[in-house]
Amino acid sequence: MTDKDASMPQGQALLDAVGTAFARLRRRTMQAPVDPPTGPKDLKRNLVLNIVDEAAETDTEMTVGGLADHLLVDPSVASRMVSDCISHGYLIRAASQQDGRRTVLHLTEEGTALLRRFRHQQRQAFEFITRDWPEAERLEFARLLLKYADSTAQLPAPGAAGGQPPVTP
């Protein structure tokens with residue numbers, strides 16, 4: 001789509017439909033047959049483990065409060081999510097190496113294994129949902145989805161004063 005296409009009524013309708021598509025994506029993707037099947041707790045655990053893993057990959061520490069900021073939930077909700085992961089052996093709490101008064105979260109071996117399983121299930125779901133697509137379209141969509149996800153790194157950090165939303169005509 002070119003800039004000119006985006007200003008046309010069809011382009012505007014396409015862009016307007018993106019919000020609805022995002023709302024359906026997570027819910028309907030969870031319906032794809034994967035092995036082993038996922039459950040409601042898996043979605044929450046996947047969110048928590050991915051955030052802790054992303055923090056580790058960028059050499060930053062993740063706290064329960066930081067997790068709450070990332071998930072846009074109340075700290076008590078984040079605390080319950082973390083407690084669930086800890087009680088099942090997926091996370092541990094440890095003293096911060098930067099500030100010994102803080103407690104940070106780390107993945108355990110079991111947490112890393114569960115995260116790998118979630119990622120495998122997500123690939124299974126992607127492959128199932130796009131099974132009738134031409135291979136070139138599947139790969140192009142995957143490339144564009146990764147580009148979109150990478151672009152989110154430019155967004156302000158959770159809890160930080162951020163940029164303004166784009167102005168729509």
# chains A, B, ... in the order shown; residues from 1 in each chain; ligands from 1
>>> residues_around(residues="region 28-36 of chain A", least_positions_apart="2", cutoff="8 Å", atoms="only C-alpha atoms", output="list of chain:residue names")
A:Arg24, A:Leu25, A:Arg26, A:Thr38, A:Gln121, A:Gln124, A:Ala125, A:Phe128, A:Ile129
>>> select_by_dssp(residues="region 12-150 of chain A", states="helix (DSSP H, G or I)", output="VMD selection string")
chain A and resid 12 to 29 40 to 57 64 to 71 75 to 87 109 to 129 135 to 150
>>> closest_residue(among="A:Thr130, A:Leu146, A:Ala95, A:Pro158", to="Asp69 (chain A)", atoms="only C-alpha atoms")
A:Pro158
>>> atom_distance(atom1="CA of Asn50 (chain A)", atom2="CA of Cys85 (chain A)")
12.1 Å
>>> atom_distance(atom1="CA of Ser76 (chain A)", atom2="CA of Val64 (chain A)")
8.9 Å
>>> closest_residue(among="A:Ala23, A:Met8, A:Leu145, A:Leu67", to="Ala157 (chain A)", atoms="only C-alpha atoms")
A:Leu67
>>> closest_residue(among="A:Asn46, A:Thr20, A:Ser151, A:Ser79", to="Thr63 (chain A)", atoms="only C-alpha atoms")
A:Ser79
>>> atom_distance(atom1="CA of His88 (chain A)", atom2="CA of Met62 (chain A)")
18.7 Å
>>> closest_residue(among="A:Ala153, A:Leu43, A:Ala94, A:Ile51", to="Leu71 (chain A)", atoms="only C-alpha atoms")
A:Ile51
>>> closest_residue(among="A:Ala56, A:Leu115, A:Ala68, A:Val48", to="Ile86 (chain A)", atoms="only C-alpha atoms")
A:Val48
